[in-house]
file work_35.pdb (PDB, C-alpha atoms)
ATOM      1  CA  MET K   1      20.026  36.581 -17.325  1.00  0.00           C
ATOM      2  CA  GLU K   2      21.275  35.492 -13.906  1.00  0.00           C
ATOM      3  CA  SER K   3      24.879  34.400 -13.489  1.00  0.00           C
ATOM      4  CA  GLY K   4      25.404  30.673 -14.105  1.00  0.00           C
ATOM      5  CA  ALA K   5      22.603  30.210 -16.636  1.00  0.00           C
ATOM      6  CA  VAL K   6      23.537  28.946 -20.091  1.00  0.00           C
ATOM      7  CA  ALA K   7      23.274  31.833 -22.564  1.00  0.00           C
ATOM      8  CA  ALA K   8      20.276  30.954 -24.759  1.00  0.00           C
ATOM      9  CA  GLU K   9      16.610  31.739 -25.047  1.00  0.00           C
ATOM     10  CA  ALA K  10      14.661  30.482 -22.033  1.00  0.00           C
ATOM     11  CA  MET K  11      12.321  27.540 -22.513  1.00  0.00           C
ATOM     12  CA  VAL K  12       8.713  27.395 -21.344  1.00  0.00           C
ATOM     13  CA  GLY K  13       7.820  24.907 -18.619  1.00  0.00           C
ATOM     14  CA  VAL K  14       4.605  23.917 -16.864  1.00  0.00           C
ATOM     15  CA  LEU K  15       4.396  22.977 -13.191  1.00  0.00           C
ATOM     16  CA  VAL K  16       2.990  19.462 -12.624  1.00  0.00           C
ATOM     17  CA  PRO K  17       2.785  17.137  -9.597  1.00  0.00           C
ATOM     18  CA  GLU K  18       5.388  14.401  -9.365  1.00  0.00           C
ATOM     19  CA  ALA K  19       2.683  11.880  -8.505  1.00  0.00           C
ATOM     20  CA  GLU K  20      -1.068  11.758  -8.941  1.00  0.00           C
ATOM     21  CA  VAL K  21      -3.412   8.992  -7.844  1.00  0.00           C
ATOM     22  CA  VAL K  22      -7.128   8.252  -7.716  1.00  0.00           C
ATOM     23  CA  LEU K  23      -8.195   6.316  -4.611  1.00  0.00           C
ATOM     24  CA  THR K  24     -10.933   3.824  -5.490  1.00  0.00           C
ATOM     25  CA  ALA K  25     -13.322   1.546  -3.608  1.00  0.00           C
ATOM     26  CA  PRO K  26     -11.705  -1.863  -2.943  1.00  0.00           C
ATOM     27  CA  GLU K  27     -15.093  -3.612  -2.866  1.00  0.00           C
ATOM     28  CA  PHE K  28     -18.853  -3.079  -3.065  1.00  0.00           C
ATOM     29  CA  ALA K  29     -19.732  -1.139   0.087  1.00  0.00           C
ATOM     30  CA  ARG K  30     -21.283   1.993   1.546  1.00  0.00           C
ATOM     31  CA  LEU K  31     -18.990   4.982   2.051  1.00  0.00           C
ATOM     32  CA  GLU K  32     -19.194   5.678   5.762  1.00  0.00           C
ATOM     33  CA  ARG K  33     -16.811   8.640   6.040  1.00  0.00           C
ATOM     34  CA  LEU K  34     -15.249  11.148   3.695  1.00  0.00           C
ATOM     35  CA  ASP K  35     -13.747  13.934   5.764  1.00  0.00           C
ATOM     36  CA  VAL K  36     -11.687  15.768   3.134  1.00  0.00           C
ATOM     37  CA  GLN K  37     -12.614  18.556   0.760  1.00  0.00           C
ATOM     38  CA  VAL K  38     -10.945  19.725  -2.433  1.00  0.00           C
ATOM     39  CA  GLY K  39      -7.796  21.623  -1.475  1.00  0.00           C
ATOM     40  CA  ASP K  40      -7.324  19.862   1.878  1.00  0.00           C
ATOM     41  CA  ARG K  41      -3.776  18.743   2.612  1.00  0.00           C
ATOM     42  CA  VAL K  42      -3.027  15.249   3.872  1.00  0.00           C
ATOM     43  CA  ARG K  43       0.080  13.493   5.136  1.00  0.00           C
ATOM     44  CA  GLU K  44       1.350  10.142   3.954  1.00  0.00           C
ATOM     45  CA  GLY K  45      -0.717   7.417   5.636  1.00  0.00           C
ATOM     46  CA  ASP K  46      -3.635   9.665   6.642  1.00  0.00           C
ATOM     47  CA  VAL K  47      -7.084   8.070   6.388  1.00  0.00           C
ATOM     48  CA  VAL K  48      -8.902   9.916   3.607  1.00  0.00           C
ATOM     49  CA  ALA K  49     -12.111   7.871   3.543  1.00  0.00           C
ATOM     50  CA  ALA K  50     -13.582   4.814   5.250  1.00  0.00           C
ATOM     51  CA  LEU K  51     -16.102   2.223   4.110  1.00  0.00           C
ATOM     52  CA  ASP K  52     -18.803   0.643   6.244  1.00  0.00           C
ATOM     53  CA  VAL K  53     -17.215  -2.475   7.794  1.00  0.00           C
ATOM     54  CA  ARG K  54     -19.915  -3.663  10.206  1.00  0.00           C
ATOM     55  CA  GLU K  55     -20.299  -6.953   8.327  1.00  0.00           C
ATOM     56  CA  GLU K  56     -16.536  -7.448   8.232  1.00  0.00           C
ATOM     57  CA  ARG K  57     -16.307  -6.825  11.990  1.00  0.00           C
ATOM     58  CA  HIS K  58     -18.920  -9.538  12.587  1.00  0.00           C
ATOM     59  CA  GLU K  59     -16.901 -11.876  10.362  1.00  0.00           C
ATOM     60  CA  LEU K  60     -13.750 -11.051  12.314  1.00  0.00           C
ATOM     61  CA  ALA K  61     -15.460 -11.701  15.662  1.00  0.00           C
ATOM     62  CA  ALA K  62     -16.777 -15.072  14.465  1.00  0.00           C
ATOM     63  CA  ALA K  63     -13.427 -16.065  12.956  1.00  0.00           C
ATOM     64  CA  THR K  64     -11.592 -15.035  16.132  1.00  0.00           C
ATOM     65  CA  ALA K  65     -13.961 -17.095  18.306  1.00  0.00           C
ATOM     66  CA  ALA K  66     -13.472 -20.132  16.058  1.00  0.00           C
ATOM     67  CA  TRP K  67      -9.708 -19.626  16.168  1.00  0.00           C
ATOM     68  CA  GLU K  68      -9.695 -19.503  19.970  1.00  0.00           C
ATOM     69  CA  ALA K  69     -11.791 -22.683  20.088  1.00  0.00           C
ATOM     70  CA  SER K  70      -9.393 -24.402  17.694  1.00  0.00           C
ATOM     71  CA  LYS K  71      -6.420 -23.395  19.842  1.00  0.00           C
ATOM     72  CA  ALA K  72      -8.070 -24.862  22.939  1.00  0.00           C
ATOM     73  CA  GLU K  73      -8.876 -28.082  21.077  1.00  0.00           C
ATOM     74  CA  LEU K  74      -5.300 -28.366  19.839  1.00  0.00           C
ATOM     75  CA  GLU K  75      -3.968 -27.951  23.377  1.00  0.00           C
ATOM     76  CA  ARG K  76      -6.320 -30.720  24.591  1.00  0.00           C
ATOM     77  CA  LEU K  77      -5.214 -33.058  21.815  1.00  0.00           C
ATOM     78  CA  GLU K  78      -1.538 -32.361  22.504  1.00  0.00           C
ATOM     79  CA  LEU K  79      -2.120 -33.471  26.098  1.00  0.00           C
ATOM     80  CA  GLU K  80      -3.979 -36.525  24.827  1.00  0.00           C
ATOM     81  CA  LEU K  81      -1.089 -37.414  22.524  1.00  0.00           C
ATOM     82  CA  GLN K  82       1.441 -36.967  25.324  1.00  0.00           C
ATOM     83  CA  ARG K  83      -0.605 -39.282  27.538  1.00  0.00           C
ATOM     84  CA  ALA K  84      -0.863 -41.887  24.737  1.00  0.00           C
ATOM     85  CA  LYS K  85       2.930 -41.785  24.237  1.00  0.00           C
ATOM     86  CA  GLU K  86       3.585 -42.267  27.936  1.00  0.00           C
ATOM     87  CA  THR K  87       1.081 -45.148  28.159  1.00  0.00           C
ATOM     88  CA  ARG K  88       2.585 -46.866  25.134  1.00  0.00           C
ATOM     89  CA  SER K  89       6.113 -46.454  26.572  1.00  0.00           C
ATOM     90  CA  ASP K  90       5.088 -47.877  29.917  1.00  0.00           C
ATOM     91  CA  THR K  91       3.395 -50.835  28.212  1.00  0.00           C
ATOM     92  CA  GLU K  92       6.479 -51.565  26.075  1.00  0.00           C
ATOM     93  CA  GLN K  93       8.585 -51.781  29.218  1.00  0.00           C
ATOM     94  CA  LEU K  94       6.224 -54.514  30.400  1.00  0.00           C
ATOM     95  CA  GLU K  95       6.525 -56.481  27.180  1.00  0.00           C
ATOM     96  CA  GLY K  96       6.401 -60.147  28.043  1.00  0.00           C
ATOM     97  CA  VAL K  97       4.093 -59.406  30.942  1.00  0.00           C
ATOM     98  CA  VAL K  98       1.240 -57.752  29.065  1.00  0.00           C
ATOM     99  CA  SER K  99      -0.358 -59.358  26.057  1.00  0.00           C
ATOM    100  CA  GLY K 100       0.615 -58.492  22.500  1.00  0.00           C
ATOM    101  CA  ALA K 101      -2.961 -57.364  21.836  1.00  0.00           C
ATOM    102  CA  GLU K 102      -2.785 -54.818  24.659  1.00  0.00           C
ATOM    103  CA  LEU K 103       0.540 -53.486  23.360  1.00  0.00           C
ATOM    104  CA  ARG K 104      -0.868 -53.134  19.835  1.00  0.00           C
ATOM    105  CA  GLU K 105      -3.886 -51.318  21.248  1.00  0.00           C
ATOM    106  CA  HIS K 106      -1.733 -48.703  22.996  1.00  0.00           C
ATOM    107  CA  ARG K 107       0.403 -48.182  19.907  1.00  0.00           C
ATOM    108  CA  TYR K 108      -2.745 -47.693  17.830  1.00  0.00           C
ATOM    109  CA  ALA K 109      -4.108 -45.214  20.419  1.00  0.00           C
ATOM    110  CA  GLU K 110      -0.912 -43.148  20.098  1.00  0.00           C
ATOM    111  CA  LYS K 111      -1.167 -43.065  16.293  1.00  0.00           C
ATOM    112  CA  LEU K 112      -4.841 -42.083  16.508  1.00  0.00           C
ATOM    113  CA  ALA K 113      -4.019 -39.266  18.955  1.00  0.00           C
ATOM    114  CA  ALA K 114      -1.262 -38.027  16.618  1.00  0.00           C
ATOM    115  CA  ALA K 115      -3.675 -38.010  13.665  1.00  0.00           C
ATOM    116  CA  ARG K 116      -6.236 -36.041  15.671  1.00  0.00           C
ATOM    117  CA  ARG K 117      -3.571 -33.531  16.617  1.00  0.00           C
ATOM    118  CA  ARG K 118      -2.554 -33.060  12.952  1.00  0.00           C
ATOM    119  CA  SER K 119      -6.179 -32.511  11.985  1.00  0.00           C
ATOM    120  CA  ALA K 120      -6.622 -29.943  14.771  1.00  0.00           C
ATOM    121  CA  SER K 121      -3.415 -28.175  13.732  1.00  0.00           C
ATOM    122  CA  ALA K 122      -4.680 -27.891  10.136  1.00  0.00           C
ATOM    123  CA  SER K 123      -8.014 -26.555  11.389  1.00  0.00           C
ATOM    124  CA  LEU K 124      -6.182 -23.959  13.501  1.00  0.00           C
ATOM    125  CA  ARG K 125      -4.223 -22.753  10.457  1.00  0.00           C
ATOM    126  CA  GLN K 126      -7.460 -22.451   8.500  1.00  0.00           C
ATOM    127  CA  GLN K 127      -9.114 -20.469  11.296  1.00  0.00           C
ATOM    128  CA  ARG K 128      -6.092 -18.181  11.553  1.00  0.00           C
ATOM    129  CA  SER K 129      -6.273 -17.551   7.806  1.00  0.00           C
ATOM    130  CA  SER K 130      -9.933 -16.566   8.217  1.00  0.00           C
ATOM    131  CA  VAL K 131      -8.977 -14.096  10.962  1.00  0.00           C
ATOM    132  CA  GLU K 132      -6.237 -12.590   8.789  1.00  0.00           C
ATOM    133  CA  ASP K 133      -8.601 -12.280   5.793  1.00  0.00           C
ATOM    134  CA  ALA K 134     -11.260 -10.528   7.875  1.00  0.00           C
ATOM    135  CA  SER K 135      -8.646  -8.207   9.396  1.00  0.00           C
ATOM    136  CA  ALA K 136      -7.251  -7.378   5.946  1.00  0.00           C
ATOM    137  CA  LYS K 137     -10.738  -6.423   4.687  1.00  0.00           C
ATOM    138  CA  ILE K 138     -11.127  -3.967   7.569  1.00  0.00           C
ATOM    139  CA  VAL K 139      -7.715  -2.439   6.866  1.00  0.00           C
ATOM    140  CA  GLU K 140      -8.437  -2.147   3.129  1.00  0.00           C
ATOM    141  CA  ALA K 141     -11.724  -0.398   3.904  1.00  0.00           C
ATOM    142  CA  GLN K 142      -9.704   2.603   5.071  1.00  0.00           C
ATOM    143  CA  LEU K 143      -8.438   4.546   2.068  1.00  0.00           C
ATOM    144  CA  ARG K 144      -5.085   6.072   3.048  1.00  0.00           C
ATOM    145  CA  ALA K 145      -2.979   8.683   1.297  1.00  0.00           C
ATOM    146  CA  PRO K 146       0.050   6.952  -0.315  1.00  0.00           C
ATOM    147  CA  PHE K 147       2.020  10.210  -0.148  1.00  0.00           C
ATOM    148  CA  ALA K 148       1.768  13.731   1.251  1.00  0.00           C
ATOM    149  CA  GLY K 149      -0.243  16.032  -0.949  1.00  0.00           C
ATOM    150  CA  ALA K 150      -3.535  17.776  -1.574  1.00  0.00           C
ATOM    151  CA  ILE K 151      -7.008  16.615  -2.574  1.00  0.00           C
ATOM    152  CA  SER K 152      -7.567  17.766  -6.154  1.00  0.00           C
ATOM    153  CA  ARG K 153     -10.954  16.151  -6.815  1.00  0.00           C
ATOM    154  CA  ARG K 154     -13.767  14.560  -4.846  1.00  0.00           C
ATOM    155  CA  TYR K 155     -16.015  12.177  -6.771  1.00  0.00           C
ATOM    156  CA  VAL K 156     -18.630  11.086  -4.186  1.00  0.00           C
ATOM    157  CA  ASP K 157     -20.150  12.037  -0.847  1.00  0.00           C
ATOM    158  CA  ALA K 158     -20.390  10.119   2.427  1.00  0.00           C
ATOM    159  CA  GLY K 159     -23.271   7.657   2.413  1.00  0.00           C
ATOM    160  CA  ALA K 160     -22.900   6.742  -1.253  1.00  0.00           C
ATOM    161  CA  THR K 161     -22.957   3.091  -2.242  1.00  0.00           C
ATOM    162  CA  LEU K 162     -19.788   2.246  -4.114  1.00  0.00           C
ATOM    163  CA  GLU K 163     -19.062  -0.551  -6.538  1.00  0.00           C
ATOM    164  CA  LEU K 164     -15.628  -2.107  -6.873  1.00  0.00           C
ATOM    165  CA  GLY K 165     -13.169   0.331  -8.447  1.00  0.00           C
ATOM    166  CA  ARG K 166     -15.358   3.436  -8.226  1.00  0.00           C
ATOM    167  CA  PRO K 167     -13.253   6.631  -7.766  1.00  0.00           C
ATOM    168  CA  VAL K 168     -13.527   8.339  -4.379  1.00  0.00           C
ATOM    169  CA  VAL K 169     -10.928  11.133  -4.380  1.00  0.00           C
ATOM    170  CA  GLN K 170      -7.961  12.265  -6.447  1.00  0.00           C
ATOM    171  CA  LEU K 171      -4.708  13.184  -4.711  1.00  0.00           C
ATOM    172  CA  ILE K 172      -1.711  15.078  -6.094  1.00  0.00           C
ATOM    173  CA  SER K 173       1.665  15.002  -4.386  1.00  0.00           C
ATOM    174  CA  ASP K 174       3.486  17.888  -2.739  1.00  0.00           C
ATOM    175  CA  ALA K 175       6.583  17.102  -4.809  1.00  0.00           C
ATOM    176  CA  ARG K 176       6.628  19.104  -8.029  1.00  0.00           C
ATOM    177  CA  LEU K 177       8.078  18.687 -11.507  1.00  0.00           C
ATOM    178  CA  VAL K 178       8.425  21.161 -14.326  1.00  0.00           C
ATOM    179  CA  ARG K 179       7.611  19.717 -17.744  1.00  0.00           C
ATOM    180  CA  PHE K 180       9.295  21.582 -20.577  1.00  0.00           C
ATOM    181  CA  ALA K 181      10.286  21.336 -24.240  1.00  0.00           C
ATOM    182  CA  VAL K 182      13.898  21.636 -25.416  1.00  0.00           C
ATOM    183  CA  PRO K 183      14.680  22.784 -28.975  1.00  0.00           C
ATOM    184  CA  GLU K 184      16.685  20.275 -30.957  1.00  0.00           C
ATOM    185  CA  ALA K 185      19.516  22.809 -31.203  1.00  0.00           C
ATOM    186  CA  ARG K 186      19.935  22.770 -27.426  1.00  0.00           C
ATOM    187  CA  GLY K 187      19.794  19.009 -27.124  1.00  0.00           C
ATOM    188  CA  GLU K 188      23.452  18.690 -26.181  1.00  0.00           C
ATOM    189  CA  ALA K 189      22.744  20.444 -22.863  1.00  0.00           C
ATOM    190  CA  LEU K 190      19.889  18.051 -22.082  1.00  0.00           C
ATOM    191  CA  ARG K 191      20.928  15.046 -20.000  1.00  0.00           C
ATOM    192  CA  LEU K 192      19.747  13.262 -16.879  1.00  0.00           C
ATOM    193  CA  GLY K 193      20.901  15.161 -13.821  1.00  0.00           C
ATOM    194  CA  ALA K 194      21.369  18.433 -15.706  1.00  0.00           C
ATOM    195  CA  ALA K 195      20.722  21.454 -13.476  1.00  0.00           C
ATOM    196  CA  VAL K 196      17.908  23.837 -14.339  1.00  0.00           C
ATOM    197  CA  ARG K 197      16.585  27.104 -12.989  1.00  0.00           C
ATOM    198  CA  VAL K 198      12.867  27.844 -13.233  1.00  0.00           C
ATOM    199  CA  GLU K 199      11.558  31.380 -12.899  1.00  0.00           C
ATOM    200  CA  PHE K 200       7.876  31.934 -12.219  1.00  0.00           C
ATOM    201  CA  VAL K 201       7.781  35.588 -13.190  1.00  0.00           C
ATOM    202  CA  ASP K 202       4.241  36.526 -12.176  1.00  0.00           C
ATOM    203  CA  GLU K 203       4.623  34.810  -8.818  1.00  0.00           C
ATOM    204  CA  GLY K 204       8.063  36.299  -8.133  1.00  0.00           C
ATOM    205  CA  LEU K 205       9.604  32.894  -7.377  1.00  0.00           C
ATOM    206  CA  THR K 206      12.753  31.243  -8.750  1.00  0.00           C
ATOM    207  CA  VAL K 207      13.616  27.624  -7.929  1.00  0.00           C
ATOM    208  CA  THR K 208      16.208  25.079  -8.997  1.00  0.00           C
ATOM    209  CA  GLY K 209      16.033  21.437  -9.931  1.00  0.00           C
ATOM    210  CA  GLU K 210      17.520  18.695 -12.062  1.00  0.00           C
ATOM    211  CA  VAL K 211      16.377  16.753 -15.097  1.00  0.00           C
ATOM    212  CA  THR K 212      14.866  13.387 -14.150  1.00  0.00           C
ATOM    213  CA  ALA K 213      13.213  12.249 -17.394  1.00  0.00           C
ATOM    214  CA  ILE K 214      13.845  12.747 -21.114  1.00  0.00           C
ATOM    215  CA  ALA K 215      11.582  11.624 -23.944  1.00  0.00           C
ATOM    216  CA  PRO K 216      13.301   9.037 -26.165  1.00  0.00           C
ATOM    217  CA  GLU K 217      12.424  10.812 -29.420  1.00  0.00           C
ATOM    218  CA  ILE K 218      12.288  14.242 -31.042  1.00  0.00           C
ATOM    219  CA  ASP K 219       8.795  15.452 -31.948  1.00  0.00           C
ATOM    220  CA  ALA K 220       8.696  15.323 -35.753  1.00  0.00           C
ATOM    221  CA  GLY K 221       6.504  18.384 -36.171  1.00  0.00           C
ATOM    222  CA  THR K 222       8.098  20.823 -33.716  1.00  0.00           C
ATOM    223  CA  ARG K 223      11.639  19.389 -33.493  1.00  0.00           C
ATOM    224  CA  LEU K 224      11.346  19.567 -29.703  1.00  0.00           C
ATOM    225  CA  VAL K 225      12.452  17.095 -27.034  1.00  0.00           C
ATOM    226  CA  PHE K 226      10.178  16.896 -24.010  1.00  0.00           C
ATOM    227  CA  ALA K 227      11.715  16.538 -20.561  1.00  0.00           C
ATOM    228  CA  GLU K 228      10.894  16.779 -16.859  1.00  0.00           C
ATOM    229  CA  ALA K 229      12.916  18.217 -13.984  1.00  0.00           C
ATOM    230  CA  ARG K 230      12.271  17.622 -10.286  1.00  0.00           C
ATOM    231  CA  LEU K 231      12.276  20.868  -8.335  1.00  0.00           C
ATOM    232  CA  ALA K 232      14.096  21.228  -5.031  1.00  0.00           C
ATOM    233  CA  PRO K 233      11.436  21.599  -2.294  1.00  0.00           C
ATOM    234  CA  GLU K 234      13.713  23.673  -0.079  1.00  0.00           C
ATOM    235  CA  ASP K 235      13.997  26.373  -2.747  1.00  0.00           C
ATOM    236  CA  GLY K 236      10.646  27.989  -2.001  1.00  0.00           C
ATOM    237  CA  PRO K 237       6.960  27.549  -1.225  1.00  0.00           C
ATOM    238  CA  LEU K 238       6.193  25.412  -4.258  1.00  0.00           C
ATOM    239  CA  GLN K 239       2.911  24.190  -2.746  1.00  0.00           C
ATOM    240  CA  ALA K 240       1.643  27.778  -2.995  1.00  0.00           C
ATOM    241  CA  LEU K 241       1.903  27.559  -6.786  1.00  0.00           C
ATOM    242  CA  ARG K 242      -0.999  25.959  -8.613  1.00  0.00           C
ATOM    243  CA  VAL K 243      -0.430  23.006 -10.867  1.00  0.00           C
ATOM    244  CA  GLY K 244      -0.341  24.328 -14.425  1.00  0.00           C
ATOM    245  CA  THR K 245       1.606  27.481 -13.542  1.00  0.00           C
ATOM    246  CA  VAL K 246       3.929  28.450 -16.401  1.00  0.00           C
ATOM    247  CA  GLY K 247       7.591  29.348 -15.844  1.00  0.00           C
ATOM    248  CA  ARG K 248      10.793  30.095 -17.764  1.00  0.00           C
ATOM    249  CA  VAL K 249      13.319  27.257 -17.750  1.00  0.00           C
ATOM    250  CA  ASP K 250      17.078  27.665 -18.235  1.00  0.00           C
ATOM    251  CA  PHE K 251      19.921  25.181 -18.039  1.00  0.00           C
ATOM    252  CA  VAL K 252      22.491  26.121 -15.397  1.00  0.00           C
ATOM    253  CA  ALA K 253      26.218  25.583 -15.826  1.00  0.00           C
ATOM    254  CA  ARG K 254      27.774  23.729 -12.891  1.00  0.00           C
TER
END

call {"tool": "encode", "arguments": {"input": "work_35.pdb", "output": "structure tokens"}}
result
Amino acid sequence: MESGAVAAEAMVGVLVPEAEVVLTAPEFARLERLDVQVGDRVREGDVVAALDVREERHELAAATAAWEASKAELERLELELQRAKETRSDTEQLEGVVSGAELREHRYAEKLAAARRRSASASLRQQRSSVEDASAKIVEAQLRAPFAGAISRRYVDAGATLELGRPVVQLISDARLVRFAVPEARGEALRLGAAVRVEFVDEGLTVTGEVTAIAPEIDAGTRLVFAEARLAPEDGPLQALRVGTVGRVDFVAR
């Protein structure tokens, strides 16, 4: 046994991805593009697949046009309100010269202009919300990788019609864990942050890591405690090892 390892029989561990996700269709639509194959590597944020968004683009164009029209109308009504305020102010300065009816008419015109402006402002907010909704649909139609990893499964082909929630691809992360079982007798060495060494004998690779998760109970039948350790990515080409590879796990004294 290598220097630093706790003297005890090695435990068996299995290599698993730290994260695994299935990207699904966000709505009923046709799958326009699916450029990845099983085994392809992707970076965080890469577009993995794209839905047909021609209808959504038409909606966005219409909503944008309505928004621009609402902005122009609001600008016109703001000028109208400013003019009504100035007219009312000028009339008030002539109070005693102009009739009370004329003064009331200008005050009413200012209030009416203010009400029209409020209505136009509300309409503008509604049109902006429509633009944002249409833009969000287009963004959601691009399925992006939430983390760097590899495509492990492809469920459909480009051109397929997808219903809401239908799986498109499965992605596993580059980050790796080793999942292993600890005999009850060695439980005192098992703690969060405990250092481990994992030897993949057939592959000729040894890596280090630390315990990140511990099951809250001992398995009644085997008297084993199951745990996971995150492996240090700088310790070797972990991505070259297939998920499911078996290794020998030892605790390491620090």

call {"tool": "resolve_selection", "arguments": {"input": "work_35.pdb", "expression": "the PyMOL selection byres ((chain K and resi 114-122) around 8)", "output": "list of chain:residue names"}}
result
K:Ser70, K:Glu73, K:Leu74, K:Leu77, K:Glu78, K:Leu81, K:Glu110, K:Lys111, K:Leu112, K:Ala113, K:Ser123, K:Leu124, K:Arg125, K:Gln126

call {"tool": "residues_around", "arguments": {"input": "work_35.pdb", "residues": "stretch 46-59 of chain K", "least_positions_apart": "6", "cutoff": "6 Å", "atoms": "only C-alpha atoms", "output": "list in words"}}
result
Arg30, Leu31, Glu32, Arg33, Leu34, Ala141, Gln142, Leu143, Arg144 and Ala145 of chain K

call {"tool": "closest_atom_pairs", "arguments": {"input": "work_35.pdb", "of": "stretch 87-142 of chain K", "to": "stretch 17-29 of chain K", "cutoff": "12 Å", "atoms": "only C-alpha atoms", "output": "Markdown table"}}
result
| residue | atom | partner | partner_atom | distance |
| --- | --- | --- | --- | --- |
| K:Ala136 | CA | K:Pro26 | CA | 11.4 |
| K:Lys137 | CA | K:Pro26 | CA | 8.9 |
| K:Ile138 | CA | K:Pro26 | CA | 10.7 |
| K:Val139 | CA | K:Pro26 | CA | 10.6 |
| K:Glu140 | CA | K:Pro26 | CA | 6.9 |
| K:Ala141 | CA | K:Pro26 | CA | 7.0 |
| K:Gln142 | CA | K:Pro26 | CA | 9.4 |

call {"tool": "residues_around", "arguments": {"input": "work_35.pdb", "residues": "K:Arg197", "least_positions_apart": "5", "cutoff": "10 Å", "atoms": "all atoms listed in the file", "output": "PDB file with C-alpha atoms, in the frame of the given file"}}
result
ATOM      1  CA  GLU K   2      21.275  35.492 -13.906  1.00  0.00           C
ATOM      2  CA  GLY K   4      25.404  30.673 -14.105  1.00  0.00           C
ATOM      3  CA  ALA K   5      22.603  30.210 -16.636  1.00  0.00           C
ATOM      4  CA  ALA K  10      14.661  30.482 -22.033  1.00  0.00           C
ATOM      5  CA  THR K 206      12.753  31.243  -8.750  1.00  0.00           C
ATOM      6  CA  VAL K 207      13.616  27.624  -7.929  1.00  0.00           C
ATOM      7  CA  THR K 208      16.208  25.079  -8.997  1.00  0.00           C
ATOM      8  CA  GLY K 209      16.033  21.437  -9.931  1.00  0.00           C
ATOM      9  CA  GLU K 210      17.520  18.695 -12.062  1.00  0.00           C
ATOM     10  CA  ALA K 229      12.916  18.217 -13.984  1.00  0.00           C
ATOM     11  CA  LEU K 231      12.276  20.868  -8.335  1.00  0.00           C
ATOM     12  CA  GLY K 247       7.591  29.348 -15.844  1.00  0.00           C
ATOM     13  CA  ARG K 248      10.793  30.095 -17.764  1.00  0.00           C
ATOM     14  CA  VAL K 249      13.319  27.257 -17.750  1.00  0.00           C
ATOM     15  CA  ASP K 250      17.078  27.665 -18.235  1.00  0.00           C
ATOM     16  CA  PHE K 251      19.921  25.181 -18.039  1.00  0.00           C
ATOM     17  CA  VAL K 252      22.491  26.121 -15.397  1.00  0.00           C
TER      18      VAL K 252
END

call {"tool": "atom_distance", "arguments": {"input": "work_35.pdb", "atom1": "atom CA of K:Arg88", "atom2": "atom CA of K:Lys71"}}
result
25.7 Å

call {"tool": "atom_distance", "arguments": {"input": "work_35.pdb", "atom1": "atom CA of K:Ser135", "atom2": "atom CA of K:Ala66"}}
result
14.5 Å

call {"tool": "closest_residue", "arguments": {"input": "work_35.pdb", "among": "K:Leu60, K:Val246, K:Leu162, K:Ala253", "to": "K:Gly193", "atoms": "all atoms listed in the file"}}
result
K:Ala253

call {"tool": "resolve_selection", "arguments": {"input": "work_35.pdb", "expression": "the PyMOL selection byres ((chain K and resi 63) around 8)", "output": "mmCIF file with C-alpha atoms, in the frame of the given file"}}
result
data_model
loop_
_atom_site.group_PDB
_atom_site.id
_atom_site.type_symbol
_atom_site.label_atom_id
_atom_site.label_comp_id
_atom_site.auth_asym_id
_atom_site.auth_seq_id
_atom_site.Cartn_x
_atom_site.Cartn_y
_atom_site.Cartn_z
ATOM 1 C CA GLU K 59 -16.901 -11.876 10.362
ATOM 2 C CA LEU K 60 -13.750 -11.051 12.314
ATOM 3 C CA ALA K 61 -15.460 -11.701 15.662
ATOM 4 C CA ALA K 62 -16.777 -15.072 14.465
ATOM 5 C CA THR K 64 -11.592 -15.035 16.132
ATOM 6 C CA ALA K 65 -13.961 -17.095 18.306
ATOM 7 C CA ALA K 66 -13.472 -20.132 16.058
ATOM 8 C CA TRP K 67 -9.708 -19.626 16.168
ATOM 9 C CA GLN K 127 -9.114 -20.469 11.296
ATOM 10 C CA ARG K 128 -6.092 -18.181 11.553
ATOM 11 C CA SER K 130 -9.933 -16.566 8.217
ATOM 12 C CA VAL K 131 -8.977 -14.096 10.962
ATOM 13 C CA ALA K 134 -11.260 -10.528 7.875
#

call {"tool": "atom_distance", "arguments": {"input": "work_35.pdb", "atom1": "atom CA of K:Pro183", "atom2": "atom CA of K:Leu238"}}
result
26.3 Å

call {"tool": "closest_residue", "arguments": {"input": "work_35.pdb", "among": "K:Asp202, K:Glu86, K:Glu184, K:Asp35", "to": "K:Ile218", "atoms": "all atoms listed in the file"}}
result
K:Glu184

call {"tool": "closest_residue", "arguments": {"input": "work_35.pdb", "among": "K:Glu188, K:Asp174, K:Asp157, K:Glu217", "to": "K:Gln37", "atoms": "only C-alpha atoms"}}
result
K:Asp157

call {"tool": "closest_residue", "arguments": {"input": "work_35.pdb", "among": "K:Ile214, K:Val168, K:Val182, K:Val243", "to": "K:Val156", "atoms": "only C-alpha atoms"}}
result
K:Val168

call {"tool": "closest_residue", "arguments": {"input": "work_35.pdb", "among": "K:Ala150, K:Arg179, K:Arg223, K:Val211", "to": "K:Val16", "atoms": "all atoms listed in the file"}}
result
K:Arg179

call {"tool": "closest_residue", "arguments": {"input": "work_35.pdb", "among": "K:Ala148, K:Glu80, K:Arg104, K:Glu95", "to": "K:Gly45", "atoms": "all atoms listed in the file"}}
result
K:Ala148

call {"tool": "residues_around", "arguments": {"input": "work_35.pdb", "residues": "K:Thr87", "least_positions_apart": "2", "cutoff": "10 Å", "atoms": "all atoms listed in the file", "output": "PyMOL selection string"}}
result
chain K and resi 81-85+89-92+103+106-107+109-110
